[in-house]
$ cat coords16.cif   # mmCIF, C-alpha atoms
data_coords
#
loop_
_atom_site.label_atom_id
_atom_site.label_comp_id
_atom_site.auth_asym_id
_atom_site.auth_seq_id
_atom_site.Cartn_x
_atom_site.Cartn_y
_atom_site.Cartn_z
CA MET R 433 -130.19 62.38 -188.43
CA ALA R 434 -129.01 62.05 -184.86
CA ASP R 435 -125.85 60.60 -183.40
CA THR R 436 -125.12 58.02 -180.76
CA TYR R 437 -123.34 58.87 -177.56
CA ASP R 438 -119.84 57.40 -177.43
CA ALA R 439 -120.19 55.38 -174.25
CA ASP R 440 -116.70 53.92 -174.65
CA ALA R 441 -115.19 57.39 -174.36
CA ALA R 442 -117.06 57.98 -171.10
CA SER R 443 -116.37 54.59 -169.53
CA PRO R 444 -115.58 51.18 -170.99
CA SER R 445 -118.01 49.51 -168.56
CA LEU R 446 -121.08 51.43 -169.69
CA PRO R 447 -123.63 49.72 -171.97
CA PRO R 448 -124.29 51.17 -175.44
CA MET R 449 -126.10 54.50 -175.53
CA LEU R 450 -128.37 54.48 -178.58
CA LEU R 451 -129.75 57.90 -179.47
CA GLY R 452 -131.67 59.56 -182.26
CA THR R 453 -134.43 58.94 -184.78
CA TYR R 454 -133.90 57.35 -188.19
CA SER R 455 -136.19 56.43 -191.08
CA PRO R 456 -134.70 53.45 -192.91
CA LYS R 457 -136.68 51.71 -195.62
CA MET R 458 -137.98 48.23 -194.88
CA ASP R 459 -138.27 45.98 -197.92
CA SER R 460 -141.14 43.59 -198.70
CA LYS R 461 -139.27 40.74 -196.97
CA GLY R 462 -139.04 42.69 -193.72
CA ARG R 463 -135.36 43.62 -194.00
CA LEU R 464 -134.09 47.00 -192.95
CA ALA R 465 -130.64 48.50 -192.61
CA LEU R 466 -129.80 49.53 -189.09
CA PRO R 467 -128.28 52.98 -188.73
CA ALA R 468 -124.48 52.57 -188.97
CA LYS R 469 -123.89 54.00 -185.50
CA PHE R 470 -126.40 51.56 -184.01
CA ARG R 471 -124.59 48.66 -185.69
CA ALA R 472 -121.34 49.76 -184.09
CA GLN R 473 -123.00 50.04 -180.67
CA LEU R 474 -124.93 46.76 -180.90
CA GLY R 475 -121.88 44.76 -181.99
CA GLN R 476 -122.07 41.49 -183.88
CA GLY R 477 -125.61 40.56 -182.92
CA LEU R 478 -128.79 41.61 -181.20
CA VAL R 479 -132.03 40.27 -179.83
CA MET R 480 -135.41 41.46 -181.14
CA ALA R 481 -138.47 41.23 -178.93
CA ARG R 482 -141.95 42.64 -178.51
CA GLY R 483 -141.74 46.11 -177.04
CA GLN R 484 -144.37 48.10 -175.22
CA GLU R 485 -146.87 50.21 -177.17
CA ARG R 486 -146.57 47.88 -180.19
CA CYS R 487 -142.98 48.44 -181.24
CA VAL R 488 -140.12 46.00 -181.79
CA THR R 489 -137.29 46.30 -179.26
CA LEU R 490 -133.67 45.72 -180.30
CA LEU R 491 -131.27 44.83 -177.52
CA PRO R 492 -127.61 43.93 -177.31
CA PRO R 493 -127.48 40.27 -176.18
CA GLU R 494 -125.97 41.24 -172.82
CA GLU R 495 -128.79 43.71 -172.10
CA PHE R 496 -131.42 41.17 -173.16
CA GLN R 497 -129.90 38.57 -170.85
CA ARG R 498 -129.71 41.07 -167.97
CA MET R 499 -133.41 41.89 -168.39
CA ALA R 500 -134.47 38.25 -168.74
CA VAL R 501 -132.54 37.19 -165.65
CA ARG R 502 -133.98 40.08 -163.64
CA ILE R 503 -137.54 39.16 -164.65
CA GLN R 504 -136.89 35.46 -163.92
CA HIS R 505 -135.68 36.31 -160.41
CA THR R 506 -139.09 37.76 -159.68
CA SER R 507 -141.16 35.27 -157.75
CA MET R 508 -142.80 32.69 -159.99
CA GLY R 509 -145.76 33.17 -157.67
CA ASP R 510 -146.20 36.63 -159.22
CA LYS R 511 -148.70 36.17 -162.06
CA SER R 512 -147.75 39.50 -163.67
CA ALA R 513 -144.10 38.45 -163.83
CA ARG R 514 -145.03 35.08 -165.36
CA ASP R 515 -147.27 36.74 -167.93
CA TYR R 516 -144.64 39.31 -168.88
CA LEU R 517 -141.88 36.71 -169.13
CA ARG R 518 -143.99 34.48 -171.40
CA VAL R 519 -144.87 37.29 -173.79
CA PHE R 520 -141.39 38.81 -173.75
CA LEU R 521 -139.40 35.61 -174.28
CA SER R 522 -141.80 33.90 -176.69
CA GLY R 523 -141.45 36.82 -179.10
CA ALA R 524 -137.68 37.12 -178.87
CA VAL R 525 -135.32 36.18 -181.71
CA ASP R 526 -131.56 36.41 -182.17
CA GLN R 527 -130.37 38.39 -185.17
CA VAL R 528 -127.01 38.96 -186.79
CA PRO R 529 -126.94 41.83 -189.30
CA ASP R 530 -125.90 40.77 -192.81
CA LYS R 531 -122.90 42.28 -194.62
CA GLN R 532 -124.98 45.34 -195.57
CA GLY R 533 -126.00 45.87 -191.94
CA ARG R 534 -129.57 44.69 -192.55
CA ILE R 535 -131.69 42.77 -190.10
CA LEU R 536 -134.78 40.73 -190.83
CA VAL R 537 -137.83 41.58 -188.74
CA PRO R 538 -139.72 38.26 -188.54
CA PRO R 539 -143.38 38.23 -189.71
CA MET R 540 -144.62 37.68 -186.13
CA LEU R 541 -142.91 40.85 -184.89
CA ARG R 542 -143.88 42.84 -188.00
CA SER R 543 -147.49 41.86 -187.36
CA TYR R 544 -147.27 42.68 -183.64
CA ALA R 545 -145.86 46.16 -184.31
CA ARG R 546 -148.05 46.71 -187.38
CA LEU R 547 -145.02 47.35 -189.58
CA THR R 548 -146.75 47.51 -192.95
CA GLY R 549 -145.48 50.84 -194.29
CA PRO R 550 -142.70 53.31 -193.49
CA VAL R 551 -140.85 52.67 -190.23
CA VAL R 552 -138.88 54.68 -187.72
CA VAL R 553 -135.95 53.40 -185.66
CA ILE R 554 -135.33 55.29 -182.43
CA GLY R 555 -132.56 55.07 -179.89
CA VAL R 556 -133.78 54.66 -176.33
CA GLY R 557 -130.56 54.43 -174.37
CA THR R 558 -129.57 50.79 -173.96
CA ARG R 559 -132.02 49.64 -176.62
CA ALA R 560 -133.48 50.70 -179.95
CA GLU R 561 -137.09 50.44 -181.08
CA ILE R 562 -138.67 49.96 -184.49
CA TRP R 563 -142.04 51.70 -184.87
CA ASP R 564 -144.59 52.07 -187.61
CA GLN R 565 -144.02 55.68 -188.69
CA ASP R 566 -147.64 56.78 -188.19
CA SER R 567 -147.82 55.09 -184.78
CA TRP R 568 -144.59 56.76 -183.68
CA THR R 569 -145.80 60.19 -184.84
CA ALA R 570 -149.11 59.76 -182.98
CA TYR R 571 -147.32 58.50 -179.84
CA LEU R 572 -144.85 61.38 -179.86
CA GLU R 573 -147.58 63.98 -180.38
CA SER R 574 -149.60 62.51 -177.50
CA LYS R 575 -146.60 62.68 -175.13
CA GLU R 576 -145.05 66.03 -176.01
CA GLN R 577 -147.23 68.15 -173.70
CA GLY R 578 -146.63 65.85 -170.76
CA TYR R 579 -142.90 65.75 -171.48
CA ALA R 580 -142.30 69.12 -169.85
CA ASP R 581 -144.90 68.52 -167.17
CA ILE R 582 -143.31 65.34 -165.84
CA ALA R 583 -139.65 66.40 -166.08
CA ASP R 584 -139.51 67.30 -162.37
CA ASP R 585 -140.88 63.87 -161.43
CA VAL R 586 -138.59 61.85 -163.72
CA LEU R 587 -135.31 63.78 -163.60
CA PRO R 588 -133.38 63.95 -160.33
CA ALA R 589 -132.49 67.36 -158.96
CA VAL R 590 -129.19 68.56 -160.38
CA ASP R 591 -126.94 70.88 -158.40
CA CYS R 592 -125.23 73.49 -160.57
#

$ encode --input "coords16.cif" --output "structure tokens"
Amino acid sequence: MADTYDADAASPSLPPMLLGTYSPKMDSKGRLALPAKFRAQLGQGLVMARGQERCVTLLPPEEFQRMAVRIQHTSMGDKSARDYLRVFLSGAVDQVPDKQGRILVPPMLRSYARLTGPVVVIGVGTRAEIWDQDSWTAYLESKEQGYADIADDVLPAVDC
């Protein structure tokens, strides 16, 4: 299991830094226990929404609001922005983990992400994602070769 980065130690103004890959069990009702370190980073609540590539995105409420406001400030004349906002917001739900740290993934989001068997929860910086285990494995395998190839394009030059 992986750890989360302690953003508070680096700077109190930084958003949560969710890291790692976990394999919690999801029960027949769609409940799963969030990794303990994610619970601490996400605080008292979170927002679930449709993610890209058929996953469920988990966001701290502040991050969700920041994203929604940014999308809404895009011109309403931009059809792509309208389309994205409709899909993103119509699939969003507030969640508060129960006393055992479990969240309920609603049937609509389970269906969207095809969460019918084992799942994987990954940290992706300011958000987490819930994936069907087989879909995540296939996605990761398809991206691993390109990972090294695109590093120079994605990462800024670092002076040593």

$ atom_distance --input "coords16.cif" --atom1 "atom CA of Met540 of chain R" --atom2 "atom CA of Leu517 of chain R"
17.2 Å

$ closest_atom_pairs --input "coords16.cif" --of "segment 504-553 of chain R" --to "segment 451-463 of chain R" --cutoff "9 Å" --atoms "all atoms listed in the file" --output "tab-separated table"
residue	atom	partner	partner_atom	distance
R:Arg534	CA	R:Arg463	CA	6.1
R:Ile535	CA	R:Arg463	CA	5.4
R:Leu536	CA	R:Arg463	CA	4.3
R:Val537	CA	R:Gly462	CA	5.2
R:Pro538	CA	R:Gly462	CA	6.8
R:Pro539	CA	R:Gly462	CA	7.4
R:Arg542	CA	R:Gly462	CA	7.5
R:Leu547	CA	R:Gly462	CA	8.6
R:Thr548	CA	R:Ser460	CA	8.9
R:Gly549	CA	R:Met458	CA	8.0
R:Pro550	CA	R:Lys457	CA	6.6
R:Val551	CA	R:Ser455	CA	6.0
R:Val552	CA	R:Ser455	CA	4.6
R:Val553	CA	R:Tyr454	CA	5.1

$ write_last_selection --input "coords16.cif" --atoms "C-alpha atoms" --output "compact mmCIF listing (two decimals), in the frame of the given file"
# COMPACT_ATOMS: atom_id res chain seq x y z
CA ARG R 534 -129.57 44.69 -192.55
CA ILE R 535 -131.69 42.77 -190.10
CA LEU R 536 -134.78 40.73 -190.83
CA VAL R 537 -137.83 41.58 -188.74
CA PRO R 538 -139.72 38.26 -188.54
CA PRO R 539 -143.38 38.23 -189.71
CA ARG R 542 -143.88 42.84 -188.00
CA LEU R 547 -145.02 47.35 -189.58
CA THR R 548 -146.75 47.51 -192.95
CA GLY R 549 -145.48 50.84 -194.29
CA PRO R 550 -142.70 53.31 -193.49
CA VAL R 551 -140.85 52.67 -190.23
CA VAL R 552 -138.88 54.68 -187.72
CA VAL R 553 -135.95 53.40 -185.66

$ closest_residue --input "coords16.cif" --among "R:Thr506, R:Gln565, R:Gln473, R:Thr558" --to "Leu491 of chain R" --atoms "all atoms listed in the file"
R:Thr558

$ atom_distance --input "coords16.cif" --atom1 "atom CA of Pro467 of chain R" --atom2 "atom CA of Cys487 of chain R"
17.1 Å

$ atom_distance --input "coords16.cif" --atom1 "atom CA of Gly483 of chain R" --atom2 "atom CA of Asp566 of chain R"
16.5 Å

$ residues_around --input "coords16.cif" --residues "segment 496-502 of chain R" --least-positions-apart "3" --cutoff "10 Å" --atoms "all atoms listed in the file" --output "list in words"
Leu478, Val479, Met480, Ala481, Thr489, Leu490, Leu491, Pro492, Pro493, His505, Thr506, Leu517, Phe520, Leu521, Ala524, Thr558 and Arg559 of chain R
